[in-house]
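Colleague: For reference, the structure I am asking about is given below.
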Amino acid sequence: MPRIASIGTAVPPYAVSQEKAREFAREMFGRAFCDIDRLLRVFDNANIQKRYFTVPMEWFKEHHSFREKNDTYIRAAADLSAEAVERCLSRARLKAQQVDHLIFVSTTGLSTPSIDALLANRFNMSRHLKRTPVWGLGCAGGAVGLSRAYEFAKAFPESRVLLVTLELCSLTFQRHDLSKSNLIATSLFGDGAAAVLVYGDDVDSVTFDGPSVLASMSTLWEDTEDVMGWDIADNGLNVVFSKDIPTIVKTLMRANMEQFLAEQQLTLSQINRFVPHPGGMKVIDAYEKALGLSPEQTTPAKSVLSQYGNMSSASVLFVLDEMMQDGQPGDYGIVTALGPGFSSEQLLLRW
């Protein structure tokens with residue numbers, strides 16, 4: 001089965017403590033809410049120590065047009081993605097020209113040509129490189145991208161597939177949006193990129209570090225389009241997410257995961273490694289309750305959330321990177337993420 005050969009991650013240069021972010025939110029939202037001190041507790045309850053942003057905090061205090069924000073996205077996306085790709089290829093001791101298929105996932109900016117074309121030129125990849133840019137999957141994008149990489153490597157076992165996920169969530173901040181959703185987003189999201197190299201069975205290499213991918217399953221729940229996504233307006237991308245997401249995890253995820261595992265003749269009790277997208281502490285707590293996980297089983301997810309915040313599609317791959325070397329031969333693992341639609345993506349791994 002296709003195997004994960006290496007992972008590389010990258011974050012932008014501006015590290016922001018949660019305390020500094022909270023004071024910024026007080027300045028931005030204070031006049032809109034008479035109970036601002038109560039609302040700002042969300043920053044403490046998020047269990048986030050710091051996040052990384054593409055631009056300094058002062059940038060967010062000024063007005064920027066959608067075009068200006070998106071131009072900043074394109075410049076920074078190419079640079080940050082390249083950092084993650086360089087680390088990923090270096091760990092696998094692979095030349096960029098040996099990559100057969102490049103999948104690029106992002107939901108926080110727009111670019112045509114897409115960022116994968118910029119990366120292909122920067123790394124002097126083959127002019128016959130297959131490219132698949134994917135937009136609109138939000139927090140599920142990392143898991144979905146890994147599923148597509150697995151499927152391509154399975155169909156073409158001689159292939160080396162490079163997945164790149166890039167999210168610059170901070171650039172979507174709406175200075176004049178004084179809604180509670182925007183306030184909560186200010187407490188949670190950060191920027192980051194991850195690159196994952198997946199090899200097919202016929203690739204001859206001694207540098208495999210990670211698990212095999214055995215199967216994947218996608219789920220789209222009916223009539224849930226308003227749970228998560230963007231409201232695309234003249235001034236940019238306004239965040240939409242429901243406070244009911246943790247409840248959805250509690251009520252739907254166990255049966256959904258049990259169905260997936262049953263199709264592979266497995267049960268939850270046989271899963272040793274859980275790799276959830278760390279969407280927030282309430283979401284992680286909901287996973288623990290729904291699946292009967294111990295706090296120790298979600299430690300890597302909580303660590304990524306604490307050190308980086310929610311980086312949307314990239315986050316779950318940061319968690320997987322932390323767990324790459326921890327698995328014992330024969331261990332089963334499951335990657336899971338939720339995103340707009342409302343949807344779920346799961347992958348079954350084996351070390």
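Each chain in the structure tokens gets a letter, A, B, ..., in the order shown, and its residues are numbered from 1; ligands are numbered from 1 in order too.
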Sort by chain and increasing residue number a table of all residues of segment 166-263 of chain A within 10 Å of segment 312-325 of chain A, each with its closest pair of atoms and their distance in Å to one decimal, counting only C-alpha atoms, and write it as CSV.
Modeller:
residue,atom,partner,partner_atom,distance
A:Leu166,CA,A:Ala314,CA,6.2
A:Glu167,CA,A:Ser312,CA,6.5
A:Leu168,CA,A:Ser312,CA,8.8
A:Cys169,CA,A:Ser312,CA,7.6
A:Phe189,CA,A:Ser312,CA,7.5
A:Gly190,CA,A:Ser312,CA,8.1
A:Asp191,CA,A:Ser312,CA,8.3
A:Gly192,CA,A:Ala314,CA,6.4
A:Ala193,CA,A:Ala314,CA,5.6
A:Ala194,CA,A:Ala314,CA,5.6
A:Ala195,CA,A:Leu317,CA,8.1
A:Val196,CA,A:Leu317,CA,7.9
A:Asp209,CA,A:Met324,CA,7.1
A:Gly210,CA,A:Met324,CA,5.5
A:Pro211,CA,A:Met324,CA,7.4
Colleague: Name the residues in contact with Ala301 of chain A at a cut-off of 12 Å, using only C-alpha atoms, excluding same-chain residues fewer than 5 positions from it; report them as a PDB file with C-alpha atoms, in the first residue's frame.
Modeller:
ATOM      1  CA  ASN A  47      -5.479  26.540  25.463  1.00  0.00           C
ATOM      2  CA  ILE A  48      -3.326  28.298  22.869  1.00  0.00           C
ATOM      3  CA  ARG A 273      -2.964   6.296  17.190  1.00  0.00           C
ATOM      4  CA  PHE A 274      -5.553   9.035  16.763  1.00  0.00           C
ATOM      5  CA  VAL A 275      -4.624  11.954  14.499  1.00  0.00           C
ATOM      6  CA  PRO A 276      -7.513  14.472  14.690  1.00  0.00           C
ATOM      7  CA  HIS A 277      -7.532  17.954  13.265  1.00  0.00           C
ATOM      8  CA  PRO A 278      -7.184  20.193  16.348  1.00  0.00           C
ATOM      9  CA  GLY A 279      -9.979  22.601  15.525  1.00  0.00           C
ATOM     10  CA  GLY A 280     -10.133  23.865  19.102  1.00  0.00           C
ATOM     11  CA  MET A 281     -10.219  22.497  22.638  1.00  0.00           C
ATOM     12  CA  VAL A 283     -13.626  19.930  19.389  1.00  0.00           C
ATOM     13  CA  ILE A 284     -10.788  17.844  20.877  1.00  0.00           C
ATOM     14  CA  ASP A 285     -12.834  17.311  24.065  1.00  0.00           C
ATOM     15  CA  TYR A 287     -13.585  13.676  20.122  1.00  0.00           C
ATOM     16  CA  GLU A 288     -12.465  12.289  23.484  1.00  0.00           C
ATOM     17  CA  PRO A 295      -6.398  12.681  27.332  1.00  0.00           C
ATOM     18  CA  GLU A 296      -3.027  11.081  26.539  1.00  0.00           C
ATOM     19  CA  SER A 306      -1.135  25.129  21.873  1.00  0.00           C
ATOM     20  CA  GLN A 307       1.927  26.025  19.823  1.00  0.00           C
ATOM     21  CA  TYR A 308       0.323  27.043  16.514  1.00  0.00           C
ATOM     22  CA  GLY A 309      -3.426  27.547  16.933  1.00  0.00           C
ATOM     23  CA  ASN A 310      -5.830  26.264  14.287  1.00  0.00           C
ATOM     24  CA  SER A 315      -3.012  21.471  11.297  1.00  0.00           C
ATOM     25  CA  VAL A 316      -3.782  17.760  11.019  1.00  0.00           C
ATOM     26  CA  LEU A 317      -0.535  17.228   9.103  1.00  0.00           C
ATOM     27  CA  PHE A 318       1.401  18.987  11.883  1.00  0.00           C
ATOM     28  CA  VAL A 319      -0.179  16.460  14.273  1.00  0.00           C
ATOM     29  CA  LEU A 320       0.748  13.574  11.985  1.00  0.00           C
ATOM     30  CA  ASP A 321       4.311  14.885  11.808  1.00  0.00           C
ATOM     31  CA  GLU A 322       4.551  14.753  15.614  1.00  0.00           C
ATOM     32  CA  MET A 323       3.373  11.132  15.563  1.00  0.00           C
ATOM     33  CA  VAL A 335      -6.527  10.569  10.594  1.00  0.00           C
ATOM     34  CA  THR A 336      -9.750  12.548  10.859  1.00  0.00           C
ATOM     35  CA  ALA A 337     -10.805  16.095  10.033  1.00  0.00           C
TER      36      ALA A 337
END
Colleague: Which residue is closest to Phe24 of chain A? Choose from A:Val164, A:Met57, A:Met311, A:Ala77 and count only C-alpha atoms.
Modeller: A:Met57
Colleague: Compile the contact shell of Val99 of chain A as a ChimeraX atom specification: residues with an atom at most 12 Å away, counting only C-alpha atoms, same-chain residues fewer than 5 positions apart removed.
Modeller: /A:85,88-89,92-94,119-120,123-131,153,158-163,196-200,203
Colleague: Let me see the file: selected residues, N, CA and C atoms, as a short mmCIF file (atom, residue, chain, number, x, y, z; two decimals), in the first residue's frame.
Modeller:
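The resulting file, result-v7.cif, is reproduced below:
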data_model
loop_
_atom_site.label_atom_id
_atom_site.label_comp_id
_atom_site.auth_asym_id
_atom_site.auth_seq_id
_atom_site.Cartn_x
_atom_site.Cartn_y
_atom_site.Cartn_z
N VAL A 85 8.06 22.41 1.55
CA VAL A 85 8.47 21.46 0.51
C VAL A 85 9.95 21.13 0.66
N CYS A 88 10.43 18.73 3.51
CA CYS A 88 9.87 17.42 3.18
C CYS A 88 10.78 16.65 2.23
N LEU A 89 11.22 17.29 1.16
CA LEU A 89 12.08 16.62 0.18
C LEU A 89 13.44 16.29 0.78
N ALA A 92 13.35 13.15 2.83
CA ALA A 92 13.22 11.95 1.99
C ALA A 92 14.42 11.77 1.05
N ARG A 93 15.33 12.76 1.08
CA ARG A 93 16.49 12.75 0.17
C ARG A 93 16.02 12.58 -1.28
N LEU A 94 15.04 13.38 -1.64
CA LEU A 94 14.45 13.32 -2.96
C LEU A 94 14.64 14.64 -3.68
N LEU A 119 5.19 26.92 -7.39
CA LEU A 119 6.13 25.99 -6.76
C LEU A 119 6.86 25.15 -7.80
N ALA A 120 6.12 24.67 -8.79
CA ALA A 120 6.74 23.85 -9.83
C ALA A 120 7.86 24.61 -10.53
N PHE A 123 10.95 25.22 -8.07
CA PHE A 123 11.77 24.03 -7.82
C PHE A 123 12.23 23.36 -9.11
N ASN A 124 11.94 23.98 -10.24
CA ASN A 124 12.34 23.42 -11.53
C ASN A 124 11.86 21.98 -11.68
N MET A 125 10.60 21.74 -11.32
CA MET A 125 10.01 20.41 -11.46
C MET A 125 9.78 20.08 -12.94
N SER A 126 9.48 18.84 -13.20
CA SER A 126 9.26 18.38 -14.58
C SER A 126 8.16 19.19 -15.25
N ARG A 127 8.37 19.54 -16.51
CA ARG A 127 7.33 20.25 -17.24
C ARG A 127 6.11 19.37 -17.49
N HIS A 128 6.24 18.06 -17.26
CA HIS A 128 5.13 17.13 -17.42
C HIS A 128 4.52 16.73 -16.07
N LEU A 129 4.88 17.49 -15.05
CA LEU A 129 4.32 17.27 -13.71
C LEU A 129 2.80 17.34 -13.74
N LYS A 130 2.16 16.39 -13.09
CA LYS A 130 0.70 16.45 -12.92
C LYS A 130 0.40 17.33 -11.72
N ARG A 131 -0.58 18.23 -11.87
CA ARG A 131 -0.92 19.17 -10.80
C ARG A 131 -2.41 19.11 -10.50
N ALA A 153 -1.33 7.43 -5.70
CA ALA A 153 -0.18 6.53 -5.55
C ALA A 153 -0.60 5.06 -5.63
N GLU A 158 4.10 3.47 -9.25
CA GLU A 158 5.47 3.94 -9.48
C GLU A 158 5.61 5.44 -9.16
N SER A 159 4.54 6.07 -8.67
CA SER A 159 4.51 7.52 -8.51
C SER A 159 4.95 8.00 -7.14
N ARG A 160 5.53 9.20 -7.17
CA ARG A 160 5.85 9.96 -5.96
C ARG A 160 4.92 11.18 -5.96
N VAL A 161 4.06 11.25 -4.95
CA VAL A 161 3.04 12.31 -4.90
C VAL A 161 3.38 13.26 -3.76
N LEU A 162 3.42 14.55 -4.07
CA LEU A 162 3.71 15.57 -3.07
C LEU A 162 2.44 16.38 -2.80
N LEU A 163 1.99 16.33 -1.56
CA LEU A 163 0.84 17.12 -1.11
C LEU A 163 1.35 18.35 -0.37
N VAL A 196 3.63 16.79 2.43
CA VAL A 196 3.68 15.35 2.70
C VAL A 196 4.03 14.62 1.41
N LEU A 197 5.00 13.71 1.50
CA LEU A 197 5.40 12.92 0.34
C LEU A 197 4.86 11.51 0.49
N VAL A 198 4.10 11.06 -0.51
CA VAL A 198 3.49 9.73 -0.50
C VAL A 198 4.06 8.94 -1.67
N TYR A 199 4.56 7.73 -1.37
CA TYR A 199 5.14 6.86 -2.39
C TYR A 199 4.22 5.69 -2.71
N GLY A 200 4.15 5.35 -3.98
CA GLY A 200 3.47 4.13 -4.38
C GLY A 200 4.32 2.91 -4.10
N VAL A 203 7.87 2.33 -5.83
CA VAL A 203 8.96 3.28 -5.67
C VAL A 203 10.04 2.64 -4.82
#
Colleague: Please measure the separation of atom CA of Pro300 of chain A and atom CA of Lys50 of chain A, giving the value in Å to one decimal.
Modeller: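 Atom CA of Lys50 of chain A lies 15.9 Å from atom CA of Pro300 of chain A.
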Colleague: What gap, in Å, lies between atom CA of Glu225 of chain A and atom CA of Thr172 of chain A?
Modeller: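 Separation of atom CA of Glu225 of chain A and atom CA of Thr172 of chain A: 20.1 Å.
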Colleague: Could you write out, as a count of residues only, all the residues of segment 58-175 of chain A that DSSP marks as strand (DSSP E)?
Modeller: 21
Colleague: Suppose you want the space between atom CA of Leu137 of chain A and atom CA of Trp230 of chain A; what is it in Å?
Modeller: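 Distance between the two atoms: 10.7 Å.
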Colleague: What's around Trp59 of chain A at 12 Å? Count only C-alpha atoms, leave out sequence neighbours fewer than 2 positions away in its own chain, and write the answer as a ChimeraX atom specification.
Modeller: /A:14,24,53-57,61-64,68-69,72,170-171,173-175
Colleague: Give me every helix (DSSP H, G or I) residue in segment 131-295 of chain A, going by DSSP on the backbone, as a PyMOL selection string.
Modeller: chain A and resi 138-155+169-172+180-186+245-263+268-270+281-291+295
Colleague: I'd like the neighbourhood of Trp221 of chain A as a PDB file with N, CA, C and O atoms, in the first residue's frame, where a residue qualifies if any of its atoms comes within 12 Å (using only C-alpha atoms), though same-chain residues fewer than 3 positions away should be ignored.
Modeller:
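As a result, around-v1.pdb now contains:
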ATOM      1  N   SER A 218     -14.783   9.419   2.762  1.00  0.00           N
ATOM      2  CA  SER A 218     -15.337  10.775   2.794  1.00  0.00           C
ATOM      3  C   SER A 218     -16.811  10.714   3.176  1.00  0.00           C
ATOM      4  O   SER A 218     -17.523   9.800   2.773  1.00  0.00           O
ATOM      5  N   THR A 224     -26.301  20.608   5.704  1.00  0.00           N
ATOM      6  CA  THR A 224     -25.473  21.190   6.770  1.00  0.00           C
ATOM      7  C   THR A 224     -24.538  22.258   6.213  1.00  0.00           C
ATOM      8  O   THR A 224     -23.498  22.548   6.797  1.00  0.00           O
ATOM      9  N   GLU A 225     -24.920  22.867   5.095  1.00  0.00           N
ATOM     10  CA  GLU A 225     -24.029  23.814   4.431  1.00  0.00           C
ATOM     11  C   GLU A 225     -23.710  25.038   5.284  1.00  0.00           C
ATOM     12  O   GLU A 225     -22.673  25.684   5.098  1.00  0.00           O
ATOM     13  N   ASP A 226     -24.583  25.376   6.231  1.00  0.00           N
ATOM     14  CA  ASP A 226     -24.389  26.596   7.008  1.00  0.00           C
ATOM     15  C   ASP A 226     -23.557  26.393   8.265  1.00  0.00           C
ATOM     16  O   ASP A 226     -23.369  27.328   9.048  1.00  0.00           O
ATOM     17  N   VAL A 227     -23.008  25.204   8.471  1.00  0.00           N
ATOM     18  CA  VAL A 227     -22.236  24.929   9.689  1.00  0.00           C
ATOM     19  C   VAL A 227     -20.877  25.620   9.661  1.00  0.00           C
ATOM     20  O   VAL A 227     -20.392  26.129  10.678  1.00  0.00           O
ATOM     21  N   ILE A 248     -21.976  18.287  17.082  1.00  0.00           N
ATOM     22  CA  ILE A 248     -22.000  17.423  15.894  1.00  0.00           C
ATOM     23  C   ILE A 248     -20.970  16.315  16.021  1.00  0.00           C
ATOM     24  O   ILE A 248     -21.236  15.152  15.686  1.00  0.00           O
ATOM     25  N   LEU A 252     -22.285  12.483  15.875  1.00  0.00           N
ATOM     26  CA  LEU A 252     -22.141  11.823  14.574  1.00  0.00           C
ATOM     27  C   LEU A 252     -20.836  11.059  14.372  1.00  0.00           C
ATOM     28  O   LEU A 252     -20.807  10.100  13.589  1.00  0.00           O
ATOM     29  N   MET A 253     -19.760  11.464  15.052  1.00  0.00           N
ATOM     30  CA  MET A 253     -18.451  10.938  14.655  1.00  0.00           C
ATOM     31  C   MET A 253     -18.228   9.479  15.035  1.00  0.00           C
ATOM     32  O   MET A 253     -17.571   8.739  14.299  1.00  0.00           O
ATOM     33  N   ASN A 256     -19.890   7.258  12.517  1.00  0.00           N
ATOM     34  CA  ASN A 256     -19.209   7.453  11.248  1.00  0.00           C
ATOM     35  C   ASN A 256     -17.868   6.714  11.212  1.00  0.00           C
ATOM     36  O   ASN A 256     -17.540   6.023  10.233  1.00  0.00           O
ATOM     37  N   LEU A 338     -12.713  17.561   9.983  1.00  0.00           N
ATOM     38  CA  LEU A 338     -14.039  18.041   9.594  1.00  0.00           C
ATOM     39  C   LEU A 338     -13.899  19.348   8.829  1.00  0.00           C
ATOM     40  O   LEU A 338     -12.984  20.132   9.082  1.00  0.00           O
ATOM     41  N   GLY A 339     -14.820  19.592   7.893  1.00  0.00           N
ATOM     42  CA  GLY A 339     -14.729  20.807   7.110  1.00  0.00           C
ATOM     43  C   GLY A 339     -16.071  21.226   6.538  1.00  0.00           C
ATOM     44  O   GLY A 339     -17.105  20.595   6.801  1.00  0.00           O
ATOM     45  N   PRO A 340     -16.063  22.303   5.750  1.00  0.00           N
ATOM     46  CA  PRO A 340     -17.303  22.814   5.166  1.00  0.00           C
ATOM     47  C   PRO A 340     -18.018  21.752   4.355  1.00  0.00           C
ATOM     48  O   PRO A 340     -17.413  20.873   3.755  1.00  0.00           O
ATOM     49  N   GLY A 341     -19.320  21.856   4.393  1.00  0.00           N
ATOM     50  CA  GLY A 341     -20.111  20.899   3.611  1.00  0.00           C
ATOM     51  C   GLY A 341     -21.443  20.499   4.254  1.00  0.00           C
ATOM     52  O   GLY A 341     -22.427  20.434   3.568  1.00  0.00           O
ATOM     53  N   PHE A 342     -21.496  20.103   5.504  1.00  0.00           N
ATOM     54  CA  PHE A 342     -20.473  19.831   6.491  1.00  0.00           C
ATOM     55  C   PHE A 342     -19.947  18.426   6.247  1.00  0.00           C
ATOM     56  O   PHE A 342     -20.731  17.540   5.920  1.00  0.00           O
ATOM     57  N   SER A 343     -18.650  18.217   6.380  1.00  0.00           N
ATOM     58  CA  SER A 343     -18.067  16.981   5.889  1.00  0.00           C
ATOM     59  C   SER A 343     -17.013  16.440   6.831  1.00  0.00           C
ATOM     60  O   SER A 343     -16.495  17.145   7.698  1.00  0.00           O
ATOM     61  N   SER A 344     -16.694  15.165   6.616  1.00  0.00           N
ATOM     62  CA  SER A 344     -15.661  14.473   7.367  1.00  0.00           C
ATOM     63  C   SER A 344     -14.768  13.702   6.404  1.00  0.00           C
ATOM     64  O   SER A 344     -15.241  13.184   5.382  1.00  0.00           O
ATOM     65  N   GLU A 345     -13.483  13.650   6.732  1.00  0.00           N
ATOM     66  CA  GLU A 345     -12.538  12.828   5.971  1.00  0.00           C
ATOM     67  C   GLU A 345     -11.746  11.984   6.957  1.00  0.00           C
ATOM     68  O   GLU A 345     -11.283  12.482   7.990  1.00  0.00           O
TER      69      GLU A 345
END
Colleague: Closest to Phe260 of chain A among A:His176, A:Met217, A:Thr132, A:Asp116, using only C-alpha atoms?
Modeller: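 Smallest distance to Phe260 of chain A is found for A:Met217.
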Colleague: Which neighbours of Asp331 of chain A fall inside 6 Å, counting only C-alpha atoms, when residues of the same chain fewer than 5 positions from it are skipped, and could you give them as a PDB file with all heavy atoms, in the first residue's frame?
Modeller:
ATOM      1  N   ASN A 272      -4.567   2.415  17.701  1.00  0.00           N
ATOM      2  CA  ASN A 272      -3.578   2.846  18.687  1.00  0.00           C
ATOM      3  C   ASN A 272      -3.265   4.333  18.607  1.00  0.00           C
ATOM      4  O   ASN A 272      -2.877   4.947  19.613  1.00  0.00           O
ATOM      5  CB  ASN A 272      -2.274   2.075  18.489  1.00  0.00           C
ATOM      6  CG  ASN A 272      -2.485   0.576  18.368  1.00  0.00           C
ATOM      7  OD1 ASN A 272      -2.517   0.047  17.261  1.00  0.00           O
ATOM      8  ND2 ASN A 272      -2.632  -0.112  19.493  1.00  0.00           N
ATOM      9  N   ARG A 350      -1.286   2.349   8.971  1.00  0.00           N
ATOM     10  CA  ARG A 350      -0.646   1.256   9.719  1.00  0.00           C
ATOM     11  C   ARG A 350       0.867   1.423   9.665  1.00  0.00           C
ATOM     12  O   ARG A 350       1.437   1.610   8.598  1.00  0.00           O
ATOM     13  CB  ARG A 350      -1.033  -0.113   9.161  1.00  0.00           C
ATOM     14  CG  ARG A 350      -0.567  -1.262  10.077  1.00  0.00           C
ATOM     15  CD  ARG A 350      -1.106  -2.599   9.667  1.00  0.00           C
ATOM     16  NE  ARG A 350      -0.827  -3.610  10.675  1.00  0.00           N
ATOM     17  CZ  ARG A 350      -1.167  -4.873  10.583  1.00  0.00           C
ATOM     18  NH1 ARG A 350      -1.819  -5.304   9.501  1.00  0.00           N
ATOM     19  NH2 ARG A 350      -0.885  -5.730  11.544  1.00  0.00           N
ATOM     20  N   TRP A 351       1.461   1.392  10.850  1.00  0.00           N
ATOM     21  CA  TRP A 351       2.911   1.516  10.946  1.00  0.00           C
ATOM     22  C   TRP A 351       3.574   0.158  10.682  1.00  0.00           C
ATOM     23  O   TRP A 351       2.968  -0.884  10.830  1.00  0.00           O
ATOM     24  CB  TRP A 351       3.304   2.025  12.323  1.00  0.00           C
ATOM     25  CG  TRP A 351       3.323   3.518  12.423  1.00  0.00           C
ATOM     26  CD1 TRP A 351       4.413   4.329  12.373  1.00  0.00           C
ATOM     27  CD2 TRP A 351       2.196   4.404  12.614  1.00  0.00           C
ATOM     28  NE1 TRP A 351       4.044   5.652  12.507  1.00  0.00           N
ATOM     29  CE2 TRP A 351       2.687   5.721  12.649  1.00  0.00           C
ATOM     30  CE3 TRP A 351       0.821   4.195  12.729  1.00  0.00           C
ATOM     31  CZ2 TRP A 351       1.865   6.836  12.817  1.00  0.00           C
ATOM     32  CZ3 TRP A 351       0.003   5.296  12.877  1.00  0.00           C
ATOM     33  CH2 TRP A 351       0.516   6.593  12.923  1.00  0.00           C
TER      34      TRP A 351
END
Colleague: Just want the 10 Å neighbourhood of Glu23 of chain A, counted on only C-alpha atoms, with same-chain residues fewer than 6 positions away dropped. Output as a PyMOL selection string.
Modeller: chain A and resi 29-30+40+43
Colleague: Restricted to N, CA, C and O atoms, what would the selected residues look like written as a PDB file, in the first residue's frame?
Modeller:
ATOM      1  N   PHE A  29     -12.594  45.076  19.419  1.00  0.00           N
ATOM      2  CA  PHE A  29     -13.995  44.712  19.647  1.00  0.00           C
ATOM      3  C   PHE A  29     -14.594  45.359  20.890  1.00  0.00           C
ATOM      4  O   PHE A  29     -15.793  45.222  21.147  1.00  0.00           O
ATOM      5  N   GLY A  30     -13.785  46.047  21.692  1.00  0.00           N
ATOM      6  CA  GLY A  30     -14.229  46.537  22.996  1.00  0.00           C
ATOM      7  C   GLY A  30     -15.457  47.399  22.954  1.00  0.00           C
ATOM      8  O   GLY A  30     -16.355  47.298  23.803  1.00  0.00           O
ATOM      9  N   LEU A  40     -13.849  37.806  26.189  1.00  0.00           N
ATOM     10  CA  LEU A  40     -12.417  37.596  25.990  1.00  0.00           C
ATOM     11  C   LEU A  40     -11.892  36.354  26.711  1.00  0.00           C
ATOM     12  O   LEU A  40     -10.751  35.951  26.485  1.00  0.00           O
ATOM     13  N   PHE A  43     -10.157  33.485  24.809  1.00  0.00           N
ATOM     14  CA  PHE A  43      -8.717  33.420  24.559  1.00  0.00           C
ATOM     15  C   PHE A  43      -8.025  32.532  25.590  1.00  0.00           C
ATOM     16  O   PHE A  43      -7.095  31.791  25.245  1.00  0.00           O
TER      17      PHE A  43
END
Colleague: Which residue, A:Ser179, A:Gln346, A:Ser90, A:Thr165, has the smallest gap to Thr107 of chain A when you use only C-alpha atoms?
Modeller: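 Among the listed residues, A:Thr165 lies closest to Thr107 of chain A.
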